[in-house]
$ cat query.txt   # compact mmCIF, C-alpha atoms
# COMPACT_ATOMS: atom_id res chain seq x y z
CA MET A 1 -16.88 94.71 -32.42
CA ILE A 2 -18.34 93.78 -35.76
CA LYS A 3 -18.59 96.71 -38.13
CA LYS A 4 -19.81 96.80 -41.71
CA GLY A 5 -18.30 100.16 -42.58
CA ARG A 6 -19.20 103.53 -41.08
CA LEU A 7 -22.91 104.28 -41.06
CA LEU A 8 -24.54 107.59 -40.18
CA PHE A 9 -27.90 106.82 -38.59
CA ILE A 10 -30.58 109.46 -38.96
CA SER A 11 -33.92 108.72 -37.36
CA LEU A 12 -36.44 109.49 -40.06
CA VAL A 13 -39.96 108.24 -40.37
CA ILE A 14 -40.21 107.10 -43.97
CA PRO A 15 -43.63 106.17 -45.33
CA PHE A 16 -43.96 102.89 -47.21
CA PHE A 17 -46.80 101.95 -49.48
CA LEU A 18 -47.83 98.94 -51.55
CA TYR A 19 -49.95 99.53 -54.61
CA SER A 20 -52.57 96.98 -55.56
CA CYS A 21 -56.23 97.84 -55.92
CA GLY A 22 -55.68 100.53 -53.30
CA ILE A 23 -52.96 101.70 -50.99
CA ASP A 24 -51.93 99.52 -48.05
CA LYS A 25 -50.02 101.23 -45.27
CA PHE A 26 -46.79 99.92 -43.82
CA TYR A 27 -46.64 100.65 -40.11
CA TYR A 28 -43.27 101.99 -39.01
CA LEU A 29 -41.27 101.52 -35.83
CA PRO A 30 -37.74 102.91 -35.52
CA GLN A 31 -34.64 100.76 -35.70
CA VAL A 32 -32.32 100.78 -32.68
CA SER A 33 -29.20 102.70 -33.68
CA GLU A 34 -25.81 101.00 -33.54
CA GLY A 35 -24.74 103.96 -31.40
CA ASN A 36 -27.06 102.68 -28.65
CA ILE A 37 -25.08 99.43 -28.36
CA LYS A 38 -21.77 99.32 -26.49
CA ARG A 39 -19.90 96.02 -26.32
CA THR A 40 -17.15 95.03 -23.93
CA GLY A 41 -15.21 92.23 -25.56
CA ASN A 42 -17.30 89.12 -26.09
CA THR A 43 -18.66 89.03 -22.53
CA GLU A 44 -20.82 92.13 -22.04
CA VAL A 45 -23.05 94.57 -23.91
CA GLU A 46 -24.91 97.68 -22.79
CA LEU A 47 -28.17 98.57 -24.57
CA SER A 48 -29.56 102.10 -24.30
CA LEU A 49 -33.13 101.74 -25.52
CA PRO A 50 -34.94 104.88 -26.68
CA LYS A 51 -38.13 106.00 -24.98
CA LEU A 52 -41.00 105.60 -27.44
CA ASN A 53 -44.13 105.71 -25.29
CA ASP A 54 -44.04 109.53 -25.06
CA ASN A 55 -44.09 109.82 -28.85
CA PRO A 56 -47.69 109.60 -30.13
CA GLU A 57 -46.39 108.57 -33.55
CA PHE A 58 -45.14 105.30 -32.03
CA SER A 59 -47.03 104.91 -28.75
CA ILE A 60 -50.23 103.95 -30.58
CA TYR A 61 -48.50 100.67 -31.49
CA LYS A 62 -47.68 99.88 -27.81
CA PRO A 63 -44.00 99.36 -28.62
CA ASN A 64 -41.41 97.37 -26.75
CA TYR A 65 -38.18 95.62 -27.66
CA CYS A 66 -37.31 92.03 -28.50
CA ILE A 67 -34.02 90.19 -28.94
CA PHE A 68 -33.57 87.30 -31.36
CA TYR A 69 -30.73 84.84 -30.88
CA ARG A 70 -29.07 81.70 -32.18
CA ILE A 71 -26.37 79.54 -30.56
CA TYR A 72 -23.34 78.35 -32.55
CA ILE A 73 -21.06 75.48 -31.57
CA SER A 74 -17.37 75.92 -32.33
CA ASN A 75 -14.01 74.28 -31.70
CA LEU A 76 -12.38 77.72 -31.58
CA GLU A 77 -11.92 79.77 -28.42
CA MET A 78 -12.02 83.51 -29.10
CA ALA A 79 -10.98 86.24 -26.68
CA GLY A 80 -11.84 89.92 -26.93
CA ASP A 81 -13.95 91.61 -29.60
CA ILE A 82 -15.23 89.29 -32.30
CA GLN A 83 -14.78 90.74 -35.78
CA GLN A 84 -16.70 89.90 -38.93
CA SER A 85 -13.62 88.09 -40.22
CA ASP A 86 -13.84 85.74 -37.21
CA LEU A 87 -17.35 84.50 -37.89
CA ASN A 88 -16.49 81.86 -40.46
CA LEU A 89 -13.71 80.58 -38.20
CA ILE A 90 -16.14 80.22 -35.30
CA ASN A 91 -18.79 78.46 -37.35
CA PRO A 92 -19.49 78.80 -41.11
CA THR A 93 -23.24 78.90 -40.39
CA LEU A 94 -22.70 81.98 -38.21
CA SER A 95 -20.99 83.73 -41.11
CA SER A 96 -23.78 82.69 -43.49
CA ASP A 97 -26.51 83.92 -41.14
CA PHE A 98 -24.74 87.24 -40.56
CA SER A 99 -24.39 87.81 -44.30
CA SER A 100 -28.05 86.97 -44.89
CA PHE A 101 -29.13 89.66 -42.41
CA ALA A 102 -26.75 92.32 -43.77
CA SER A 103 -29.23 93.99 -46.11
CA VAL A 104 -32.13 94.04 -43.67
CA THR A 105 -29.97 95.46 -40.85
CA ASP A 106 -28.60 98.24 -43.08
CA PRO A 107 -30.41 101.41 -41.86
CA THR A 108 -30.06 103.01 -45.31
CA ASN A 109 -31.65 100.10 -47.19
CA TYR A 110 -35.43 100.45 -47.03
CA SER A 111 -36.07 98.02 -49.86
CA GLN A 112 -35.42 95.24 -47.33
CA LEU A 113 -37.98 95.21 -44.52
CA THR A 114 -38.42 92.84 -41.60
CA HIS A 115 -41.31 90.39 -41.73
CA SER A 116 -42.47 87.33 -39.82
CA ASN A 117 -40.11 84.97 -41.66
CA THR A 118 -36.96 87.11 -41.43
CA PHE A 119 -35.72 85.32 -38.31
CA LYS A 120 -37.72 82.12 -38.69
CA ASN A 121 -35.94 81.28 -41.93
CA ARG A 122 -32.60 81.35 -40.10
CA ASN A 123 -33.75 79.51 -36.97
CA TYR A 124 -33.42 82.59 -34.78
CA HIS A 125 -35.67 82.67 -31.74
CA GLU A 126 -36.85 85.21 -29.21
CA LEU A 127 -34.81 85.53 -26.06
CA GLU A 128 -36.69 84.97 -22.81
CA LEU A 129 -35.99 85.55 -19.12
CA GLU A 130 -36.29 83.33 -16.08
CA ASN A 131 -39.23 84.33 -13.84
CA ALA A 132 -40.06 87.42 -15.91
CA ASN A 133 -41.80 88.32 -19.14
CA ILE A 134 -39.14 89.99 -21.25
CA SER A 135 -41.73 92.29 -22.86
CA ASP A 136 -42.39 93.71 -19.38
CA VAL A 137 -38.69 94.48 -19.01
CA LEU A 138 -37.68 95.77 -22.48
CA THR A 139 -40.56 98.23 -22.66
CA GLY A 140 -41.15 101.30 -24.77
CA ASP A 141 -40.49 103.41 -21.67
CA GLY A 142 -36.79 103.17 -22.46
CA SER A 143 -33.95 102.20 -20.18
CA THR A 144 -30.35 101.04 -20.13
CA PHE A 145 -29.62 97.35 -19.78
CA LYS A 146 -26.53 95.24 -19.52
CA ILE A 147 -26.35 91.67 -20.78
CA MET A 148 -23.56 89.71 -19.15
CA PHE A 149 -21.83 86.52 -20.32
CA LEU A 150 -19.22 86.32 -17.59
CA PRO A 151 -16.43 83.81 -18.41
CA ILE A 152 -16.96 81.95 -15.15
CA PRO A 153 -18.02 78.28 -15.36
CA GLY A 154 -21.55 77.91 -14.02
CA GLU A 155 -22.22 81.69 -13.92
CA ARG A 156 -25.60 82.10 -15.61
CA PRO A 157 -25.78 84.82 -18.29
CA SER A 158 -27.99 87.65 -17.10
CA MET A 159 -29.76 90.89 -17.97
CA ILE A 160 -29.39 93.85 -15.60
CA ASP A 161 -31.70 96.88 -15.55
CA THR A 162 -29.36 99.68 -14.45
CA ARG A 163 -32.21 102.00 -13.38
CA ARG A 164 -33.89 99.62 -10.97
CA THR A 165 -33.12 97.73 -7.82
CA ASP A 166 -34.65 94.45 -6.73
CA PRO A 167 -37.13 95.22 -3.92
CA ASP A 168 -36.32 91.88 -2.29
CA THR A 169 -32.54 92.22 -2.20
CA GLY A 170 -31.73 95.89 -2.85
CA ALA A 171 -29.28 94.78 -5.54
CA GLU A 172 -29.41 95.69 -9.21
CA TYR A 173 -32.50 94.31 -10.92
CA THR A 174 -31.13 91.14 -12.49
CA ARG A 175 -32.85 88.38 -14.40
CA TYR A 176 -31.21 85.31 -15.90
CA LEU A 177 -31.42 84.70 -19.64
CA PHE A 178 -33.57 81.82 -20.84
CA ARG A 179 -33.55 80.10 -24.20
CA ASN A 180 -36.85 80.18 -26.05
CA ASN A 181 -39.38 77.69 -24.64
CA GLY A 182 -39.94 76.21 -28.11
CA SER A 183 -43.72 76.60 -28.01
CA GLY A 184 -43.81 78.22 -31.44
CA ARG A 185 -45.86 81.12 -30.07
CA ASN A 186 -44.44 83.80 -32.38
CA ASN A 187 -42.53 82.12 -35.19
CA GLY A 188 -44.36 78.81 -35.40
CA ILE A 189 -41.28 76.66 -34.78
CA ILE A 190 -41.83 74.02 -32.10
CA PHE A 191 -38.84 72.34 -30.46
CA THR A 192 -37.42 71.24 -27.12
CA THR A 193 -34.39 72.68 -25.34
CA GLU A 194 -31.85 70.21 -23.96
CA PRO A 195 -30.33 69.80 -21.42
CA ASP A 196 -32.09 72.91 -20.04
CA ARG A 197 -32.93 76.51 -20.96
CA TYR A 198 -29.82 78.24 -19.62
CA PHE A 199 -27.12 79.62 -21.90
CA PHE A 200 -24.12 77.38 -21.23
CA TYR A 201 -21.78 75.30 -23.31
CA SER A 202 -21.79 71.64 -22.28
CA PRO A 203 -21.19 68.32 -24.04
CA GLU A 204 -24.90 67.58 -23.48
CA LEU A 205 -25.87 70.68 -25.48
CA VAL A 206 -24.04 69.21 -28.47
CA GLU A 207 -25.00 65.59 -27.97
CA GLU A 208 -28.71 66.37 -27.57
CA THR A 209 -28.93 68.60 -30.67
CA ASP A 210 -30.53 67.13 -33.77
CA TYR A 211 -28.41 67.23 -36.92
CA PRO A 212 -29.71 67.73 -39.47
CA ILE A 213 -32.48 69.87 -38.01
CA ILE A 214 -35.73 68.00 -37.45
CA ALA A 215 -39.08 69.80 -37.27
CA GLY A 216 -40.29 69.59 -33.70
CA GLY A 217 -36.92 68.18 -32.64
CA LYS A 218 -34.28 69.14 -30.12
CA ASN A 219 -32.30 72.38 -29.93
CA ILE A 220 -33.34 74.00 -33.19
CA ASP A 221 -31.85 77.19 -31.72
CA VAL A 222 -28.39 75.58 -31.92
CA ALA A 223 -26.17 75.35 -35.01
CA LEU A 224 -23.63 72.52 -34.74
CA ARG A 225 -20.22 72.76 -36.32
CA SER A 226 -19.83 70.46 -39.29
CA ASN A 227 -17.04 68.14 -40.38
CA SER A 228 -15.44 68.13 -36.94
CA LYS A 229 -14.09 64.93 -35.45
CA GLU A 230 -13.37 66.50 -32.07
CA PRO A 231 -15.50 65.29 -29.16
CA ALA A 232 -18.07 67.61 -27.65
CA TYR A 233 -16.16 68.15 -24.43
CA VAL A 234 -13.43 70.19 -26.17
CA GLY A 235 -15.85 72.63 -27.78
CA HIS A 236 -17.24 76.09 -27.14
CA ALA A 237 -20.49 77.92 -27.83
CA TYR A 238 -21.27 81.45 -28.99
CA ILE A 239 -24.49 83.42 -29.21
CA SER A 240 -25.37 85.96 -31.88
CA MET A 241 -28.17 88.43 -31.08
CA TYR A 242 -30.28 91.01 -32.92
CA ILE A 243 -32.58 93.58 -31.33
CA VAL A 244 -35.79 94.91 -32.87
CA THR A 245 -38.59 97.26 -31.89
CA ILE A 246 -41.95 95.49 -31.95
CA GLY A 247 -45.56 96.60 -31.66
CA SER A 248 -49.11 95.88 -32.73
CA ALA A 249 -50.84 97.32 -35.80
CA PRO A 250 -54.51 98.37 -35.61
CA ASP A 251 -55.48 94.92 -36.93
CA PHE A 252 -53.41 93.35 -34.09
CA SER A 253 -50.77 92.03 -36.49
CA ARG A 254 -47.19 92.30 -35.33
CA ILE A 255 -44.98 95.19 -36.44
CA ILE A 256 -41.23 94.51 -36.45
CA SER A 257 -38.60 97.19 -37.04
CA LYS A 258 -35.40 96.68 -38.96
CA PRO A 259 -33.03 94.65 -36.75
CA THR A 260 -29.69 95.77 -35.37
CA HIS A 261 -26.90 93.33 -34.59
CA VAL A 262 -26.15 93.32 -30.86
CA GLY A 263 -23.02 91.21 -31.20
CA VAL A 264 -21.50 87.75 -30.82
CA PHE A 265 -20.64 86.57 -27.31
CA LYS A 266 -19.03 83.47 -25.87
CA LEU A 267 -21.21 81.37 -23.58
CA PRO A 268 -19.70 80.24 -20.27
CA ASP A 269 -19.06 76.56 -19.69
CA LEU A 270 -21.45 74.67 -17.49
$ encode --input "query.txt" --output "structure tokens"
Amino acid sequence: MIKKGRLLFISLVIPFFLYSCGIDKFYYLPQVSEGNIKRTGNTEVELSLPKLNDNPEFSIYKPNYCIFYRIYISNLEMAGDIQQSDLNLINPTLSSDFSSFASVTDPTNYSQLTHSNTFKNRNYHELELENANISDVLTGDGSTFKIMFLPIPGERPSMIDTRRTDPDTGAEYTRYLFRNNGSGRNNGIIFTTEPDRYFFYSPELVEETDYPIIAGGKNIDVALRSNSKEPAYVGHAYISMYIVTIGSAPDFSRIISKPTHVGVFKLPDL
């Protein structure tokens, strides 16, 4: 588990104002506490998402939750919890990205707020689901979810809603994770995902990724390892994820809470 020291999270609504000719209001949505995130090694995480729709202070913004991710290629195979000291060993870009988000994820630092470019500038993209709109799953009604990266070749990473069962099968409500479709809908970055949208490591994932990054190119959600002479088939891939609360302001602009790091997990091989 990655920790940046011990933090005491107190849920306070803190007003923010900008002074120009008048006073412009900052709309506030609460950050997900680190205490709501429970990791099991680098293969599983449980998210307990607070219920916001019963709170009129937040429900007016029609809140739900969103997860941002980026994939990192590595020649290192890690087992168990991934610590902050491991990030540079996995991929120096992962360490750089984590450090860049440190101030904005800090729940005590309100001089650093999340805006539309916070994730865009680091090529982080919104997680999606196969055959489901993720905003209809991670709603402001609150629930407990598990995200699974089982270390079984070909086993698709999934999201499980522990409160629901699938009406068709009677099993736990499970949806497979999808990489962003690259349409640029929310962050304006257009790209294509190769060889497909599932979260696996494969030689094709590496070979099809543009390096350096090309606008409108392939696999902008992937950070290759640099200065490595090893062929793609001996590599591994990891995903780093952040969760935010999102909503709509009265002018229909997007409100994004401070992010919380969900963790770094190893993708299964294809």
$ closest_residue --input "query.txt" --among "A:Leu129, A:Ala223, A:Phe191, A:Tyr28" --to "Ser248 in chain A" --atoms "only C-alpha atoms"
A:Tyr28
$ closest_residue --input "query.txt" --among "A:Val262, A:Ile246, A:Leu267, A:Val104" --to "Lys62 in chain A" --atoms "all atoms listed in the file"
A:Ile246
$ closest_residue --input "query.txt" --among "A:Ile256, A:Val264, A:Ile90, A:Leu49" --to "Asp141 in chain A" --atoms "all atoms listed in the file"
A:Leu49
$ closest_residue --input "query.txt" --among "A:Asp269, A:Asp54, A:Asp251, A:Asp168" --to "Pro153 in chain A" --atoms "all atoms listed in the file"
A:Asp269
$ closest_residue --input "query.txt" --among "A:Cys66, A:Ile213, A:Leu177, A:Ala249" --to "Leu138 in chain A" --atoms "only C-alpha atoms"
A:Cys66
$ residues_around --input "query.txt" --residues "range 70-79 of chain A" --least-positions-apart "6" --cutoff "7 Å" --atoms "only C-alpha atoms" --output "VMD selection string"
chain A and resid 42 90 to 91 94 124 to 125 221 to 225 234 to 241
$ closest_residue --input "query.txt" --among "A:Met148, A:Asn187, A:Gly140, A:Phe265" --to "Asn53 in chain A" --atoms "all atoms listed in the file"
A:Gly140
$ atom_distance --input "query.txt" --atom1 "CA of Glu172 in chain A" --atom2 "CA of Thr43 in chain A"
18.4 Å
$ atom_distance --input "query.txt" --atom1 "CA of Thr118 in chain A" --atom2 "CA of Gly80 in chain A"
29.1 Å
$ atom_distance --input "query.txt" --atom1 "CA of Thr144 in chain A" --atom2 "CA of Gln31 in chain A"
16.2 Å
$ residues_around --input "query.txt" --residues "range 159-165 of chain A" --least-positions-apart "6" --cutoff "12 Å" --atoms "all atoms listed in the file" --output "ChimeraX atom specification"
/A:44-49,67,127-130,132,134,136-139,141-150,171-178
$ residues_around --input "query.txt" --residues "Pro30 in chain A" --least-positions-apart "2" --cutoff "7 Å" --atoms "all atoms listed in the file" --output "PyMOL selection string"
chain A and resi 28+32+245+257
$ decode --input "query.txt" --residues "range 200-234 of chain A" --atoms "N, CA and C atoms" --output "PDB file, in the first residue's frame"
ATOM      1  N   PHE A 200      -4.881  -5.802 -20.384  1.00  0.00           N
ATOM      2  CA  PHE A 200      -3.932  -6.905 -20.365  1.00  0.00           C
ATOM      3  C   PHE A 200      -2.553  -6.379 -20.735  1.00  0.00           C
ATOM      4  N   TYR A 201      -1.522  -7.128 -20.286  1.00  0.00           N
ATOM      5  CA  TYR A 201      -0.210  -6.917 -20.874  1.00  0.00           C
ATOM      6  C   TYR A 201      -0.053  -7.885 -22.036  1.00  0.00           C
ATOM      7  N   SER A 202       0.454  -7.380 -23.157  1.00  0.00           N
ATOM      8  CA  SER A 202       0.774  -8.211 -24.306  1.00  0.00           C
ATOM      9  C   SER A 202       1.877  -7.516 -25.091  1.00  0.00           C
ATOM     10  N   PRO A 203       2.667  -8.255 -25.843  1.00  0.00           N
ATOM     11  CA  PRO A 203       3.664  -7.613 -26.709  1.00  0.00           C
ATOM     12  C   PRO A 203       3.031  -6.595 -27.651  1.00  0.00           C
ATOM     13  N   GLU A 204       1.792  -6.877 -28.119  1.00  0.00           N
ATOM     14  CA  GLU A 204       1.116  -5.954 -29.037  1.00  0.00           C
ATOM     15  C   GLU A 204       0.836  -4.611 -28.373  1.00  0.00           C
ATOM     16  N   LEU A 205       0.522  -4.633 -27.071  1.00  0.00           N
ATOM     17  CA  LEU A 205       0.268  -3.380 -26.361  1.00  0.00           C
ATOM     18  C   LEU A 205       1.486  -2.469 -26.443  1.00  0.00           C
ATOM     19  N   VAL A 206       2.663  -3.055 -26.317  1.00  0.00           N
ATOM     20  CA  VAL A 206       3.905  -2.286 -26.394  1.00  0.00           C
ATOM     21  C   VAL A 206       4.214  -1.887 -27.827  1.00  0.00           C
ATOM     22  N   GLU A 207       4.135  -2.842 -28.717  1.00  0.00           N
ATOM     23  CA  GLU A 207       4.540  -2.598 -30.106  1.00  0.00           C
ATOM     24  C   GLU A 207       3.636  -1.599 -30.814  1.00  0.00           C
ATOM     25  N   GLU A 208       2.361  -1.517 -30.394  1.00  0.00           N
ATOM     26  CA  GLU A 208       1.419  -0.609 -31.049  1.00  0.00           C
ATOM     27  C   GLU A 208       1.402   0.785 -30.422  1.00  0.00           C
ATOM     28  N   THR A 209       2.139   0.989 -29.342  1.00  0.00           N
ATOM     29  CA  THR A 209       2.114   2.274 -28.640  1.00  0.00           C
ATOM     30  C   THR A 209       3.094   3.259 -29.263  1.00  0.00           C
ATOM     31  N   ASP A 210       2.615   4.458 -29.531  1.00  0.00           N
ATOM     32  CA  ASP A 210       3.471   5.493 -30.107  1.00  0.00           C
ATOM     33  C   ASP A 210       4.448   6.019 -29.062  1.00  0.00           C
ATOM     34  N   TYR A 211       5.713   6.137 -29.454  1.00  0.00           N
ATOM     35  CA  TYR A 211       6.711   6.752 -28.590  1.00  0.00           C
ATOM     36  C   TYR A 211       7.692   7.528 -29.458  1.00  0.00           C
ATOM     37  N   PRO A 212       7.821   8.829 -29.255  1.00  0.00           N
ATOM     38  CA  PRO A 212       7.097   9.617 -28.267  1.00  0.00           C
ATOM     39  C   PRO A 212       5.610   9.741 -28.594  1.00  0.00           C
ATOM     40  N   ILE A 213       4.860  10.267 -27.630  1.00  0.00           N
ATOM     41  CA  ILE A 213       3.413  10.384 -27.779  1.00  0.00           C
ATOM     42  C   ILE A 213       3.076  11.292 -28.952  1.00  0.00           C
ATOM     43  N   ILE A 214       2.119  10.854 -29.758  1.00  0.00           N
ATOM     44  CA  ILE A 214       1.677  11.616 -30.923  1.00  0.00           C
ATOM     45  C   ILE A 214       0.207  11.988 -30.734  1.00  0.00           C
ATOM     46  N   ALA A 215      -0.106  13.256 -30.897  1.00  0.00           N
ATOM     47  CA  ALA A 215      -1.505  13.695 -30.771  1.00  0.00           C
ATOM     48  C   ALA A 215      -2.375  12.922 -31.741  1.00  0.00           C
ATOM     49  N   GLY A 216      -3.448  12.343 -31.230  1.00  0.00           N
ATOM     50  CA  GLY A 216      -4.333  11.551 -32.062  1.00  0.00           C
ATOM     51  C   GLY A 216      -3.782  10.183 -32.401  1.00  0.00           C
ATOM     52  N   GLY A 217      -2.696   9.781 -31.745  1.00  0.00           N
ATOM     53  CA  GLY A 217      -2.030   8.526 -32.072  1.00  0.00           C
ATOM     54  C   GLY A 217      -2.579   7.335 -31.310  1.00  0.00           C
ATOM     55  N   LYS A 218      -1.704   6.345 -31.131  1.00  0.00           N
ATOM     56  CA  LYS A 218      -2.113   5.084 -30.515  1.00  0.00           C
ATOM     57  C   LYS A 218      -1.672   5.009 -29.057  1.00  0.00           C
ATOM     58  N   ASN A 219      -2.590   4.547 -28.220  1.00  0.00           N
ATOM     59  CA  ASN A 219      -2.284   4.192 -26.827  1.00  0.00           C
ATOM     60  C   ASN A 219      -1.654   5.331 -26.032  1.00  0.00           C
ATOM     61  N   ILE A 220      -2.275   6.486 -26.084  1.00  0.00           N
ATOM     62  CA  ILE A 220      -1.790   7.609 -25.282  1.00  0.00           C
ATOM     63  C   ILE A 220      -1.976   7.323 -23.792  1.00  0.00           C
ATOM     64  N   ASP A 221      -2.836   6.361 -23.452  1.00  0.00           N
ATOM     65  CA  ASP A 221      -3.027   5.987 -22.052  1.00  0.00           C
ATOM     66  C   ASP A 221      -1.944   5.042 -21.552  1.00  0.00           C
ATOM     67  N   VAL A 222      -0.914   4.792 -22.352  1.00  0.00           N
ATOM     68  CA  VAL A 222       0.168   3.874 -21.990  1.00  0.00           C
ATOM     69  C   VAL A 222       1.489   4.638 -21.925  1.00  0.00           C
ATOM     70  N   ALA A 223       2.250   4.401 -20.862  1.00  0.00           N
ATOM     71  CA  ALA A 223       3.588   4.984 -20.731  1.00  0.00           C
ATOM     72  C   ALA A 223       4.604   3.860 -20.894  1.00  0.00           C
ATOM     73  N   LEU A 224       5.379   3.904 -21.985  1.00  0.00           N
ATOM     74  CA  LEU A 224       6.403   2.891 -22.217  1.00  0.00           C
ATOM     75  C   LEU A 224       7.573   3.077 -21.264  1.00  0.00           C
ATOM     76  N   ARG A 225       8.307   2.006 -21.032  1.00  0.00           N
ATOM     77  CA  ARG A 225       9.559   2.157 -20.291  1.00  0.00           C
ATOM     78  C   ARG A 225      10.616   2.650 -21.274  1.00  0.00           C
ATOM     79  N   SER A 226      11.543   3.407 -20.800  1.00  0.00           N
ATOM     80  CA  SER A 226      12.562   3.981 -21.685  1.00  0.00           C
ATOM     81  C   SER A 226      13.905   3.294 -21.460  1.00  0.00           C
ATOM     82  N   ASN A 227      14.745   3.390 -22.448  1.00  0.00           N
ATOM     83  CA  ASN A 227      16.122   2.880 -22.378  1.00  0.00           C
ATOM     84  C   ASN A 227      16.178   1.389 -22.050  1.00  0.00           C
ATOM     85  N   SER A 228      15.195   0.635 -22.522  1.00  0.00           N
ATOM     86  CA  SER A 228      15.213  -0.797 -22.285  1.00  0.00           C
ATOM     87  C   SER A 228      15.436  -1.520 -23.610  1.00  0.00           C
ATOM     88  N   LYS A 229      16.380  -2.447 -23.604  1.00  0.00           N
ATOM     89  CA  LYS A 229      16.667  -3.205 -24.812  1.00  0.00           C
ATOM     90  C   LYS A 229      15.955  -4.561 -24.813  1.00  0.00           C
ATOM     91  N   GLU A 230      15.186  -4.826 -23.751  1.00  0.00           N
ATOM     92  CA  GLU A 230      14.504  -6.108 -23.675  1.00  0.00           C
ATOM     93  C   GLU A 230      13.302  -6.113 -24.606  1.00  0.00           C
ATOM     94  N   PRO A 231      13.035  -7.249 -25.256  1.00  0.00           N
ATOM     95  CA  PRO A 231      11.872  -7.320 -26.139  1.00  0.00           C
ATOM     96  C   PRO A 231      10.567  -7.266 -25.362  1.00  0.00           C
ATOM     97  N   ALA A 232       9.503  -6.916 -26.067  1.00  0.00           N
ATOM     98  CA  ALA A 232       8.217  -6.686 -25.421  1.00  0.00           C
ATOM     99  C   ALA A 232       7.677  -7.932 -24.728  1.00  0.00           C
ATOM    100  N   TYR A 233       8.035  -9.111 -25.214  1.00  0.00           N
ATOM    101  CA  TYR A 233       7.409 -10.312 -24.666  1.00  0.00           C
ATOM    102  C   TYR A 233       7.928 -10.667 -23.270  1.00  0.00           C
ATOM    103  N   VAL A 234       8.933  -9.982 -22.751  1.00  0.00           N
ATOM    104  CA  VAL A 234       9.407 -10.268 -21.400  1.00  0.00           C
ATOM    105  C   VAL A 234       8.919  -9.210 -20.413  1.00  0.00           C
TER     106      VAL A 234
END
